[in-house]
$ cat query07.txt   # compact mmCIF, C-alpha atoms
# COMPACT_ATOMS: atom_id res chain seq x y z
CA MET F 1 -18.99 25.80 -21.58
CA ALA F 2 -16.35 26.65 -19.05
CA GLU F 3 -16.85 30.40 -19.07
CA HIS F 4 -17.53 30.51 -15.37
CA ILE F 5 -13.93 29.69 -14.56
CA ASN F 6 -12.17 32.95 -14.07
CA LEU F 7 -8.48 32.53 -14.68
CA LYS F 8 -5.46 34.74 -14.55
CA LEU F 9 -3.91 34.71 -18.00
CA PRO F 10 -0.15 34.26 -18.09
CA ARG F 11 1.36 37.20 -19.98
CA LYS F 12 4.19 35.40 -21.72
CA GLY F 13 4.95 31.78 -22.38
CA TYR F 14 4.70 28.86 -24.71
CA LYS F 15 1.56 27.75 -26.42
CA LEU F 16 1.09 24.99 -23.87
CA PHE F 17 0.93 27.50 -21.03
CA LYS F 18 -1.73 29.51 -22.83
CA SER F 19 -3.98 26.56 -23.58
CA LYS F 20 -7.19 26.13 -21.67
CA ASN F 21 -6.12 22.67 -20.51
CA TRP F 22 -3.04 24.08 -18.83
CA MET F 23 -4.95 26.87 -17.12
CA VAL F 24 -7.53 24.47 -15.76
CA PHE F 25 -4.69 22.23 -14.56
CA ALA F 26 -2.77 25.07 -12.88
CA GLU F 27 -5.95 26.31 -11.24
CA GLY F 28 -6.29 22.95 -9.48
CA VAL F 29 -2.66 22.75 -8.46
CA TRP F 30 -2.34 26.21 -6.96
CA HIS F 31 -5.30 28.62 -6.73
CA ASN F 32 -7.89 25.97 -6.06
CA ASN F 33 -5.61 23.43 -4.43
CA PRO F 34 -7.87 20.93 -2.63
CA ILE F 35 -6.00 21.28 0.67
CA PHE F 36 -4.97 24.91 1.06
CA GLY F 37 -7.27 26.49 -1.54
CA MET F 38 -10.58 24.76 -1.11
CA VAL F 39 -9.74 23.10 2.26
CA LEU F 40 -11.48 19.85 1.33
CA GLY F 41 -10.78 16.23 2.17
CA LEU F 42 -9.04 17.06 5.42
CA CYS F 43 -10.08 13.94 7.32
CA SER F 44 -7.91 11.60 5.28
CA THR F 45 -5.18 14.23 5.03
CA LEU F 46 -4.84 14.39 8.79
CA ALA F 47 -4.87 10.61 9.10
CA VAL F 48 -2.42 9.44 6.46
CA THR F 49 0.31 12.10 6.57
CA ASN F 50 2.23 10.57 9.49
CA LEU F 51 4.48 8.64 7.07
CA MET F 52 5.58 9.64 3.58
CA ALA F 53 4.98 6.17 2.15
CA ASN F 54 1.36 6.22 3.36
CA ALA F 55 0.80 9.74 2.05
CA PHE F 56 2.28 8.79 -1.32
CA VAL F 57 0.11 5.71 -1.87
CA MET F 58 -2.96 7.59 -0.66
CA SER F 59 -2.39 10.56 -2.96
CA ILE F 60 -1.76 8.31 -5.96
CA ALA F 61 -5.00 6.49 -5.18
CA VAL F 62 -6.94 9.76 -4.89
CA THR F 63 -5.42 11.09 -8.14
CA VAL F 64 -6.31 7.92 -10.06
CA VAL F 65 -9.85 7.94 -8.69
CA LEU F 66 -10.25 11.66 -9.51
CA VAL F 67 -9.06 11.31 -13.10
CA VAL F 68 -10.98 8.13 -13.96
CA ASN F 69 -14.10 9.43 -12.26
CA SER F 70 -14.04 12.83 -13.96
CA ALA F 71 -13.46 11.17 -17.33
CA VAL F 72 -16.39 8.78 -16.89
CA ILE F 73 -18.76 11.44 -15.56
CA SER F 74 -17.99 13.91 -18.33
CA LEU F 75 -18.34 11.18 -20.97
CA ILE F 76 -21.88 10.35 -19.86
CA ARG F 77 -22.77 13.89 -18.71
CA ASN F 78 -25.52 14.27 -21.29
CA LEU F 79 -27.18 11.04 -20.21
CA ILE F 80 -27.26 11.75 -16.49
CA PRO F 81 -30.73 12.82 -15.34
CA ASP F 82 -30.59 16.09 -13.44
CA ARG F 83 -32.33 14.82 -10.35
CA ALA F 84 -30.17 11.70 -10.05
CA ARG F 85 -26.76 13.37 -10.31
CA MET F 86 -25.57 12.62 -6.80
CA ILE F 87 -26.51 8.96 -6.82
CA THR F 88 -24.82 8.56 -10.20
CA TYR F 89 -21.61 10.04 -8.80
CA MET F 90 -21.81 7.77 -5.78
CA LEU F 91 -22.25 4.65 -7.90
CA ILE F 92 -19.34 5.44 -10.19
CA VAL F 93 -17.02 6.66 -7.43
CA SER F 94 -17.60 3.60 -5.28
CA THR F 95 -17.01 1.25 -8.21
CA ILE F 96 -13.68 2.92 -8.99
CA VAL F 97 -12.56 3.19 -5.38
CA ILE F 98 -13.25 -0.48 -4.61
CA THR F 99 -11.25 -1.48 -7.69
CA VAL F 100 -8.34 0.78 -6.68
CA ASP F 101 -8.48 -0.61 -3.15
CA LEU F 102 -8.15 -4.18 -4.47
CA PHE F 103 -5.20 -3.09 -6.63
CA ILE F 104 -3.39 -1.58 -3.63
CA LYS F 105 -4.06 -4.70 -1.57
CA ILE F 106 -2.22 -6.78 -4.15
CA LEU F 107 0.58 -4.36 -5.04
CA PHE F 108 1.36 -2.90 -1.60
CA PRO F 109 -0.03 -5.31 1.03
CA LYS F 110 1.96 -3.69 3.83
CA VAL F 111 0.94 -0.10 3.12
CA SER F 112 -2.64 -1.26 2.62
CA SER F 113 -2.77 -2.64 6.15
CA THR F 114 -1.43 0.62 7.66
CA LEU F 115 -3.77 2.80 5.61
CA GLY F 116 -6.66 0.77 6.97
CA PRO F 117 -10.06 2.04 5.89
CA TYR F 118 -8.85 5.33 4.41
CA VAL F 119 -8.55 4.08 0.85
CA ALA F 120 -12.11 2.80 0.93
CA LEU F 121 -13.18 6.13 2.44
CA ILE F 122 -12.11 7.97 -0.74
CA ILE F 123 -15.73 7.22 -1.76
CA THR F 124 -16.86 9.98 0.60
CA ASN F 125 -13.94 12.28 -0.18
CA CYS F 126 -15.38 15.71 -0.98
CA ILE F 127 -12.62 16.47 -3.50
CA VAL F 128 -13.87 13.74 -5.82
CA MET F 129 -17.50 14.79 -5.44
CA GLY F 130 -16.62 18.45 -5.71
CA ARG F 131 -14.75 18.05 -8.99
CA CYS F 132 -17.68 16.08 -10.46
CA GLU F 133 -20.31 18.59 -9.49
CA ALA F 134 -18.26 21.71 -10.18
CA PHE F 135 -16.54 20.72 -13.37
CA ALA F 136 -16.99 17.31 -14.99
CA ILE F 137 -20.78 17.53 -15.23
CA ASN F 138 -20.67 20.41 -17.74
CA ASN F 139 -17.30 20.14 -19.47
CA THR F 140 -15.72 17.96 -22.14
CA PRO F 141 -13.73 14.85 -21.11
CA GLY F 142 -10.39 16.42 -22.12
CA LEU F 143 -10.84 19.48 -19.94
CA SER F 144 -12.28 17.41 -17.11
CA ILE F 145 -9.23 15.15 -17.09
CA SER F 146 -6.92 18.20 -16.93
CA ASP F 147 -8.97 19.59 -14.09
CA ALA F 148 -8.96 16.30 -12.15
CA LEU F 149 -5.25 15.83 -12.77
CA GLY F 150 -4.61 19.35 -11.47
CA ALA F 151 -6.61 18.69 -8.32
CA GLY F 152 -4.87 15.32 -7.88
CA ILE F 153 -1.37 16.75 -8.29
CA GLY F 154 -2.28 19.60 -5.96
CA TYR F 155 -3.48 17.09 -3.37
CA THR F 156 -0.32 15.01 -3.80
CA PHE F 157 1.88 18.11 -3.40
CA SER F 158 0.15 19.21 -0.19
CA LEU F 159 0.17 15.73 1.32
CA MET F 160 3.83 15.13 0.53
CA VAL F 161 4.90 18.46 2.04
CA ILE F 162 2.94 17.84 5.25
CA ALA F 163 4.10 14.21 5.47
CA PHE F 164 7.72 15.26 4.85
CA PHE F 165 7.75 17.49 7.92
CA ARG F 166 5.63 15.20 10.07
CA GLU F 167 7.79 12.15 9.42
CA LEU F 168 11.02 14.15 9.73
CA ILE F 169 10.04 15.74 13.04
CA GLY F 170 7.97 12.88 14.43
CA PHE F 171 10.14 9.87 13.51
CA GLY F 172 13.38 11.39 12.23
CA SER F 173 13.07 9.43 9.00
CA LEU F 174 12.00 9.91 5.38
CA PHE F 175 10.23 7.10 3.49
CA GLY F 176 11.26 4.87 6.40
CA PHE F 177 14.99 5.68 6.15
CA LYS F 178 16.56 7.22 9.21
CA VAL F 179 18.01 10.64 8.35
CA ILE F 180 18.27 12.23 11.80
CA PRO F 181 20.68 10.45 14.19
CA ASP F 182 19.22 8.91 17.32
CA SER F 183 21.04 11.41 19.52
CA ILE F 184 18.67 14.18 18.39
CA PRO F 185 15.28 13.65 20.05
CA THR F 186 12.16 13.54 17.87
CA ILE F 187 8.93 15.32 18.76
CA SER F 188 6.42 12.51 18.77
CA LEU F 189 3.55 15.00 18.91
CA PHE F 190 3.91 15.37 15.16
CA SER F 191 3.41 11.67 14.51
CA VAL F 192 0.08 11.47 16.36
CA PRO F 193 -3.24 12.82 15.05
CA PRO F 194 -3.31 16.02 17.17
CA GLY F 195 0.05 16.96 15.65
CA ALA F 196 -1.54 16.68 12.23
CA PHE F 197 -3.76 19.66 13.01
CA PHE F 198 -0.74 21.75 13.94
CA ALA F 199 1.20 20.63 10.87
CA LEU F 200 -1.73 21.36 8.55
CA ALA F 201 -2.39 24.77 10.09
CA ILE F 202 1.27 25.77 9.84
CA PHE F 203 1.36 24.55 6.23
CA ILE F 204 -1.73 26.56 5.22
CA PHE F 205 -0.35 29.61 7.03
CA PHE F 206 2.91 29.48 5.11
CA VAL F 207 1.22 28.91 1.74
CA ASN F 208 -1.11 31.86 2.31
CA TYR F 209 1.85 33.98 3.38
CA ILE F 210 3.69 33.12 0.15
CA LYS F 211 0.54 33.79 -1.88
CA LYS F 212 0.14 37.24 -0.33
CA LYS F 213 3.78 38.17 -0.53
CA TYR F 214 4.29 37.24 -4.18
CA LYS F 215 0.73 38.13 -5.22
CA LEU F 216 0.06 34.64 -6.51
CA GLU F 217 -3.62 34.79 -5.77
CA GLY F 218 -6.11 34.11 -8.55
CA LYS F 219 -9.05 36.37 -9.35
CA HIS F 220 -12.07 35.08 -7.51
CA MET T 1 -42.05 9.88 -18.26
CA LYS T 2 -39.05 11.68 -16.85
CA ASP T 3 -39.09 9.50 -13.75
CA VAL T 4 -39.23 6.34 -15.83
CA LYS T 5 -36.21 7.50 -17.81
CA MET T 6 -34.31 8.21 -14.62
CA ILE T 7 -35.10 4.81 -13.15
CA ILE T 8 -34.06 3.04 -16.35
CA PHE T 9 -30.79 4.99 -16.38
CA LEU T 10 -30.02 4.11 -12.77
CA VAL T 11 -30.85 0.44 -13.24
CA ILE T 12 -28.58 0.21 -16.26
CA LEU T 13 -25.78 2.09 -14.50
CA SER T 14 -26.02 -0.07 -11.37
CA THR T 15 -25.94 -3.22 -13.49
CA ILE T 16 -22.80 -2.06 -15.28
CA CYS T 17 -21.13 -1.16 -11.97
CA VAL T 18 -22.03 -4.48 -10.38
CA LEU T 19 -20.76 -6.45 -13.36
CA PHE T 20 -17.54 -4.45 -13.32
CA LEU T 21 -17.02 -5.04 -9.60
CA CYS T 22 -17.73 -8.75 -9.98
CA SER T 23 -15.01 -9.10 -12.58
CA ALA T 24 -12.61 -6.96 -10.50
CA ASN T 25 -13.22 -9.14 -7.47
CA TYR T 26 -12.76 -12.31 -9.51
CA ALA T 27 -9.43 -11.01 -10.82
CA TYR T 28 -8.39 -10.08 -7.27
CA GLN T 29 -9.15 -13.55 -5.93
CA LYS T 30 -7.16 -15.11 -8.77
CA ALA T 31 -4.18 -12.79 -8.22
CA ALA T 32 -4.20 -13.27 -4.45
CA ASN T 33 -4.26 -17.03 -4.90
CA ILE T 34 -1.18 -17.01 -7.14
CA PHE T 35 0.94 -15.93 -4.16
CA ASN T 36 -0.59 -18.62 -1.97
CA VAL T 37 -0.10 -21.39 -4.51
CA ARG T 38 3.55 -20.37 -4.94
CA LEU T 39 4.03 -20.76 -1.19
CA TYR T 40 2.18 -24.10 -1.13
CA LYS T 41 4.53 -25.39 -3.81
CA VAL T 42 7.58 -24.46 -1.72
CA ILE T 43 6.14 -26.16 1.36
CA ASN T 44 5.19 -29.30 -0.60
CA ASN T 45 8.73 -29.52 -1.92
CA MET T 46 10.14 -29.06 1.55
CA PHE T 47 8.12 -31.99 2.90
CA GLU T 48 8.81 -34.01 -0.26
CA ILE T 49 5.11 -34.28 -1.00
CA GLU T 50 4.54 -34.89 -4.67
CA ALA T 51 1.84 -32.88 -6.40
CA LYS T 52 1.06 -32.03 -9.99
CA ASN T 53 0.99 -28.38 -10.97
CA ASP T 54 -2.80 -28.22 -11.16
CA ASP T 55 -3.60 -29.73 -7.79
CA THR T 56 -0.84 -28.15 -5.67
CA GLU T 57 -3.48 -26.40 -3.59
CA LYS T 58 -5.62 -29.51 -3.13
CA VAL T 59 -2.70 -31.70 -2.04
CA PHE T 60 -1.45 -28.95 0.27
CA LEU T 61 -4.82 -28.60 2.01
CA GLN T 62 -4.95 -32.37 2.53
CA ASN T 63 -1.58 -32.32 4.25
CA PHE T 64 -1.68 -29.09 6.25
CA ASN T 65 -3.99 -27.18 8.57
CA ILE T 66 -4.18 -23.40 8.20
CA LYS T 67 -4.53 -21.30 11.35
CA ASP T 68 -4.74 -17.52 11.74
CA VAL T 69 -3.37 -16.16 15.01
CA GLY T 70 -3.04 -12.40 15.48
CA GLY T 71 -3.21 -11.63 11.77
CA VAL T 72 -0.43 -14.11 10.86
CA THR T 73 -1.12 -17.33 8.99
CA TYR T 74 0.44 -20.51 10.37
CA TYR T 75 0.48 -23.84 8.56
CA ILE T 76 0.56 -26.99 10.66
CA SER T 77 1.54 -30.34 9.19
CA LYS T 78 -1.02 -33.14 9.53
CA LYS T 79 0.43 -36.25 7.95
CA LYS T 80 4.20 -36.09 7.53
CA ASP T 81 6.06 -35.04 10.70
CA PRO T 82 2.78 -34.01 12.36
CA GLY T 83 2.77 -30.83 14.41
CA VAL T 84 5.53 -29.02 12.52
CA ILE T 85 4.58 -25.33 12.35
CA LEU T 86 5.37 -23.25 9.25
CA PHE T 87 5.04 -19.52 8.84
CA LYS T 88 6.40 -16.56 6.93
CA GLU T 89 8.60 -13.97 8.58
CA ILE T 90 9.77 -10.71 7.06
CA GLY T 91 12.55 -8.34 8.07
CA PRO T 92 15.14 -5.91 6.72
CA GLY T 93 18.15 -7.30 4.85
CA LEU T 94 21.01 -5.29 3.36
CA TRP T 95 19.14 -3.76 0.40
CA SER T 96 15.51 -4.57 1.01
CA GLN T 97 13.15 -6.83 2.91
CA ILE T 98 13.97 -10.53 3.19
CA GLU T 99 10.94 -12.81 3.37
CA ILE T 100 11.57 -16.28 4.72
CA LEU T 101 9.55 -19.41 5.41
CA LEU T 102 10.42 -20.86 8.79
CA SER T 103 9.41 -24.30 9.97
CA ILE T 104 9.87 -25.47 13.50
CA TYR T 105 9.24 -28.63 15.53
CA PRO T 106 6.39 -28.24 18.02
CA ASN T 107 8.71 -28.54 21.05
CA TYR T 108 10.62 -25.46 19.85
CA LYS T 109 13.97 -27.24 20.23
CA LYS T 110 14.86 -27.62 16.57
CA LEU T 111 14.21 -25.97 13.24
CA TYR T 112 12.62 -28.24 10.66
CA GLY T 113 14.05 -26.24 7.78
CA LEU T 114 14.29 -22.83 6.17
CA ARG T 115 13.39 -21.43 2.76
CA ILE T 116 13.78 -17.94 1.30
CA ILE T 117 10.61 -16.61 -0.34
CA ASN T 118 11.80 -13.17 -1.40
CA GLN T 119 15.12 -11.33 -1.24
CA ASN T 120 17.09 -8.65 -3.08
CA GLU T 121 20.56 -9.11 -1.63
CA THR T 122 23.83 -8.55 -3.53
CA PRO T 123 24.01 -11.07 -6.37
CA GLY T 124 26.88 -13.49 -5.84
CA LEU T 125 27.32 -12.52 -2.18
CA GLY T 126 24.25 -12.02 -0.02
CA ALA T 127 21.97 -13.59 -2.58
CA ARG T 128 23.76 -16.89 -2.02
CA ILE T 129 21.46 -17.43 0.97
CA VAL T 130 19.03 -19.03 -1.47
CA GLU T 131 21.50 -21.80 -2.34
CA ASP T 132 20.75 -25.28 -1.08
CA THR T 133 24.16 -25.75 0.56
CA PHE T 134 23.46 -22.77 2.79
CA LEU T 135 19.81 -23.56 3.48
CA ASN T 136 20.42 -27.26 4.22
CA GLN T 137 22.48 -26.24 7.25
CA PHE T 138 19.29 -25.12 8.95
CA THR T 139 17.60 -28.52 8.65
CA ASN T 140 17.21 -30.04 12.13
CA ARG T 141 19.40 -27.30 13.60
CA SER T 142 19.05 -26.73 17.35
CA ILE T 143 17.66 -23.34 18.38
CA GLN T 144 18.53 -23.50 22.06
CA PRO T 145 19.20 -20.96 23.47
CA SER T 146 18.98 -19.22 20.09
CA LEU T 147 20.19 -19.72 16.54
CA LYS T 148 23.52 -18.15 15.61
CA VAL T 149 25.05 -17.44 12.21
CA VAL T 150 28.84 -17.41 12.74
CA LYS T 151 32.11 -17.70 10.81
CA PHE T 152 33.10 -21.25 11.81
CA ALA T 153 30.17 -23.22 13.09
CA SER T 154 31.04 -25.74 15.80
CA LYS T 155 28.11 -25.89 18.24
CA PRO T 156 24.74 -27.52 17.44
CA ASN T 157 22.98 -24.15 17.35
CA GLU T 158 25.41 -22.50 14.92
CA VAL T 159 25.46 -22.31 11.13
CA ASP T 160 28.14 -21.00 8.77
CA ALA T 161 27.56 -17.49 7.45
CA VAL T 162 27.87 -16.65 3.77
CA THR T 163 31.43 -15.49 3.08
CA GLY T 164 31.53 -11.80 2.19
CA ALA T 165 27.95 -11.15 3.23
CA THR T 166 28.18 -10.28 6.90
CA ILE T 167 25.22 -7.93 7.02
CA THR T 168 22.89 -10.27 5.16
CA SER T 169 23.90 -13.17 7.43
CA GLU T 170 23.38 -11.09 10.57
CA ALA T 171 20.03 -9.82 9.28
CA LEU T 172 18.90 -13.37 8.60
CA GLU T 173 19.85 -14.40 12.14
CA VAL T 174 17.74 -11.57 13.57
CA ILE T 175 14.76 -12.40 11.35
CA ILE T 176 14.86 -16.10 12.29
CA ASN T 177 15.10 -15.42 16.01
CA ASN T 178 12.27 -12.86 15.82
CA GLY T 179 10.15 -15.47 14.07
CA ILE T 180 10.87 -18.10 16.72
CA LYS T 181 9.93 -15.63 19.46
CA ARG T 182 6.65 -14.84 17.71
CA VAL T 183 5.61 -18.43 17.14
CA GLU T 184 6.33 -19.27 20.78
CA GLN T 185 3.93 -16.52 21.82
CA ALA T 186 1.28 -17.54 19.32
CA PHE T 187 1.32 -21.22 20.26
CA PRO T 188 2.48 -21.82 23.85
CA GLU T 189 3.90 -25.35 24.03
CA LYS T 190 0.90 -26.88 25.86
CA ASP T 191 -1.55 -25.95 23.13
CA ILE T 192 0.05 -28.17 20.55
CA LYS T 193 0.21 -31.31 22.65

$ encode --input "query07.txt" --output "structure tokens"
Amino acid sequence: MAEHINLKLPRKGYKLFKSKNWMVFAEGVWHNNPIFGMVLGLCSTLAVTNLMANAFVMSIAVTVVLVVNSAVISLIRNLIPDRARMITYMLIVSTIVITVDLFIKILFPKVSSTLGPYVALIITNCIVMGRCEAFAINNTPGLSISDALGAGIGYTFSLMVIAFFRELIGFGSLFGFKVIPDSIPTISLFSVPPGAFFALAIFIFFVNYIKKKYKLEGKH
Amino acid sequence: MKDVKMIIFLVILSTICVLFLCSANYAYQKAANIFNVRLYKVINNMFEIEAKNDDTEKVFLQNFNIKDVGGVTYYISKKKDPGVILFKEIGPGLWSQIEILLSIYPNYKKLYGLRIINQNETPGLGARIVEDTFLNQFTNRSIQPSLKVVKFASKPNEVDAVTGATITSEALEVIINNGIKRVEQAFPEKDIK
């Protein structure tokens, strides 16, 4: 059912790396990375990457929502009426997101208050919707989970890299621990939202440069 | 016929989602209350109010008012030692955050007492701040001009530090004084009288 995915086959490697699950996973992490491949879900990316702790909790939340949601959608994919696809996604996504939000409120009350509404706004995150519509609706649960996990790990990777540089340059700290002495001034531009645009643009530039240079681009 | 099928599907799906969310919310309320009840128990013990395990919350609410000012919850005693303000304060210790429960007389001249809610200090050294002998020093301790944790306490606003745990003791001093500053801003003295 997944013939439409056009993947670059690895020439050598273990069985795991030749399996369909792995290819679908790798596709999400690199070629179709939500941030620098598909350029989706940027609103929350720009907002939460000022601190690594925030970015970490946010990306874990998105990954959990992605995986659970894709699994549920692909399990009931034969029951979903064609015309009511979107509303079905919305119902299931919002149920999962609200539950995850409550979990974070109990486990990390401090991070939850700094993340503000962004966890609840995962409901409207295009990555989640995109994975449902593009993959989970016509693939088996196993493949859909690999796909969602790939997208989630890809999202986590991008967010952590951006947050690493933004927190390092903007606050001189990592995960809240001071690593740059006070004598070296920090550039607070990187800790405010406009700096996020610069950081994201520079990040995408470098990734595309690496892709071109080492010919890591997938067939599209 | 197709439309009817679609409507039935959506009704069933919405029902399942709503039921799921109801149970999630119920579990959340329960879990959130566990933390509150734990705190109520500590406060009841501090004021020597007796309560059975099941009605800790009920007895607490009879004895204390709860007020939210600027996102922080303050508890104000009604019956025993009326006017005493209690609140939680959090700050960095040596290894991780120390969370304390401060209580203060409404004229801001003396502490009523101090309890540690959460800490991860060095066992045997910094972690000794939870011991009664250390905590009892804070009972009725003067906080004018500010509280000090020192080696040999002699003045009314000084308490003995824990031997071998300088950083923890200093951190605790900072947390307490920050808390006092905050409560003074939240409730200027006139308001309480």

$ interface_residues --input "query07.txt" --of "chain F" --to "chain T" --cutoff "7 Å" --atoms "all atoms listed in the file" --output "PyMOL selection string"
chain F and resi 81+91+95+99+102+106

$ residues_around --input "query07.txt" --residues "stretch 68-79 of chain F" --least-positions-apart "3" --cutoff "12 Å" --atoms "all atoms listed in the file" --output "MDAnalysis selection string"
(chainID F and resid 61:65 82:97 99:100 122:123 127:152) or (chainID T and resid 5:6 8:10 12:13)

$ closest_residue --input "query07.txt" --among "F:Ala163, F:Leu121, F:Leu107, F:Ile80" --to "F:Val192" --atoms "only C-alpha atoms"
F:Ala163

$ closest_residue --input "query07.txt" --among "T:Lys30, T:Lys58, T:Arg115, T:Lys151" --to "T:Glu89" --atoms "only C-alpha atoms"
T:Arg115

$ residues_around --input "query07.txt" --residues "F:Asn32" --least-positions-apart "5" --cutoff "10 Å" --atoms "all atoms listed in the file" --output "compact mmCIF listing (two decimals) with C-alpha atoms, in the frame of the given file"
# COMPACT_ATOMS: atom_id res chain seq x y z
CA VAL F 24 -7.53 24.47 -15.76
CA PHE F 25 -4.69 22.23 -14.56
CA ALA F 26 -2.77 25.07 -12.88
CA GLU F 27 -5.95 26.31 -11.24
CA GLY F 37 -7.27 26.49 -1.54
CA MET F 38 -10.58 24.76 -1.11
CA VAL F 39 -9.74 23.10 2.26
CA GLY F 150 -4.61 19.35 -11.47
CA ALA F 151 -6.61 18.69 -8.32
CA GLY F 154 -2.28 19.60 -5.96
CA GLU F 217 -3.62 34.79 -5.77
CA GLY F 218 -6.11 34.11 -8.55

$ closest_residue --input "query07.txt" --among "T:Ile34, T:Leu39, T:Leu125, T:Ile49" --to "T:Leu86" --atoms "all atoms listed in the file"
T:Leu39

$ closest_residue --input "query07.txt" --among "T:Ser77, T:Gly179, T:Ala51, T:Arg141" --to "T:Asn63" --atoms "all atoms listed in the file"
T:Ser77

$ closest_residue --input "query07.txt" --among "F:Phe56, F:Phe171, F:Phe36, F:Phe177" --to "T:Ser96" --atoms "only C-alpha atoms"
F:Phe177

$ atom_distance --input "query07.txt" --atom1 "atom CA of T:Asn45" --atom2 "atom CA of T:Val72"
22.0 Å

$ closest_residue --input "query07.txt" --among "F:Ser113, F:Ser19, F:Asn33, F:Asn50" --to "F:Leu174" --atoms "only C-alpha atoms"
F:Asn50

$ atom_distance --input "query07.txt" --atom1 "atom CA of T:Gln185" --atom2 "atom CA of T:Tyr74"
12.6 Å

$ atom_distance --input "query07.txt" --atom1 "atom CA of F:Asn54" --atom2 "atom CA of T:Glu99"
21.3 Å

$ residues_around --input "query07.txt" --residues "T:Ser103" --least-positions-apart "5" --cutoff "9 Å" --atoms "all atoms listed in the file" --output "list in words"
Val84, Ile85, Leu86, Phe87, Lys88, Leu111, Tyr112, Gly113, Leu114 and Arg115 of chain T

$ residues_around --input "query07.txt" --residues "T:Asn157" --least-positions-apart "3" --cutoff "6 Å" --atoms "only C-alpha atoms" --output "JSON, numbers by chain"
{"T": [142, 143, 147]}

$ residues_around --input "query07.txt" --residues "F:Ser112" --least-positions-apart "4" --cutoff "10 Å" --atoms "all atoms listed in the file" --output "number ranges by chain"
F: 54, 57-58, 101-108, 116-119

$ decode --input "query07.txt" --residues "stretch 16-27 of chain F" --atoms "N, CA, C and O atoms" --output "mmCIF file, in the first residue's frame"
data_model
loop_
_atom_site.group_PDB
_atom_site.id
_atom_site.type_symbol
_atom_site.label_atom_id
_atom_site.label_comp_id
_atom_site.auth_asym_id
_atom_site.auth_seq_id
_atom_site.Cartn_x
_atom_site.Cartn_y
_atom_site.Cartn_z
ATOM 1 N N LEU F 16 18.043 -5.079 9.260
ATOM 2 C CA LEU F 16 17.213 -4.010 9.834
ATOM 3 C C LEU F 16 17.192 -2.790 8.922
ATOM 4 O O LEU F 16 16.158 -2.185 8.681
ATOM 5 N N PHE F 17 18.390 -2.464 8.353
ATOM 6 C CA PHE F 17 18.473 -1.247 7.560
ATOM 7 C C PHE F 17 17.858 -1.411 6.176
ATOM 8 O O PHE F 17 17.765 -0.465 5.423
ATOM 9 N N LYS F 18 17.514 -2.673 5.827
ATOM 10 C CA LYS F 18 16.866 -2.869 4.535
ATOM 11 C C LYS F 18 15.358 -2.977 4.684
ATOM 12 O O LYS F 18 14.633 -2.965 3.692
ATOM 13 N N SER F 19 14.903 -3.128 5.930
ATOM 14 C CA SER F 19 13.465 -3.328 6.137
ATOM 15 C C SER F 19 12.697 -2.054 5.799
ATOM 16 O O SER F 19 13.237 -0.948 5.837
ATOM 17 N N LYS F 20 11.455 -2.261 5.456
ATOM 18 C CA LYS F 20 10.604 -1.140 5.075
ATOM 19 C C LYS F 20 10.422 -0.184 6.250
ATOM 20 O O LYS F 20 10.426 1.032 6.084
ATOM 21 N N ASN F 21 10.265 -0.786 7.466
ATOM 22 C CA ASN F 21 10.082 0.032 8.662
ATOM 23 C C ASN F 21 11.217 1.024 8.822
ATOM 24 O O ASN F 21 11.007 2.195 9.109
ATOM 25 N N TRP F 22 12.452 0.519 8.640
ATOM 26 C CA TRP F 22 13.610 1.393 8.823
ATOM 27 C C TRP F 22 13.630 2.507 7.788
ATOM 28 O O TRP F 22 13.921 3.658 8.092
ATOM 29 N N MET F 23 13.296 2.156 6.548
ATOM 30 C CA MET F 23 13.342 3.178 5.498
ATOM 31 C C MET F 23 12.315 4.279 5.742
ATOM 32 O O MET F 23 12.595 5.453 5.555
ATOM 33 N N VAL F 24 11.130 3.843 6.176
ATOM 34 C CA VAL F 24 10.088 4.831 6.477
ATOM 35 C C VAL F 24 10.537 5.726 7.621
ATOM 36 O O VAL F 24 10.344 6.946 7.618
ATOM 37 N N PHE F 25 11.195 5.111 8.611
ATOM 38 C CA PHE F 25 11.699 5.853 9.769
ATOM 39 C C PHE F 25 12.755 6.868 9.347
ATOM 40 O O PHE F 25 12.677 8.052 9.677
ATOM 41 N N ALA F 26 13.733 6.392 8.556
ATOM 42 C CA ALA F 26 14.837 7.261 8.141
ATOM 43 C C ALA F 26 14.335 8.409 7.267
ATOM 44 O O ALA F 26 14.822 9.529 7.361
ATOM 45 N N GLU F 27 13.340 8.111 6.459
ATOM 46 C CA GLU F 27 12.738 9.137 5.609
ATOM 47 C C GLU F 27 12.244 10.317 6.457
ATOM 48 O O GLU F 27 12.470 11.473 6.130
#
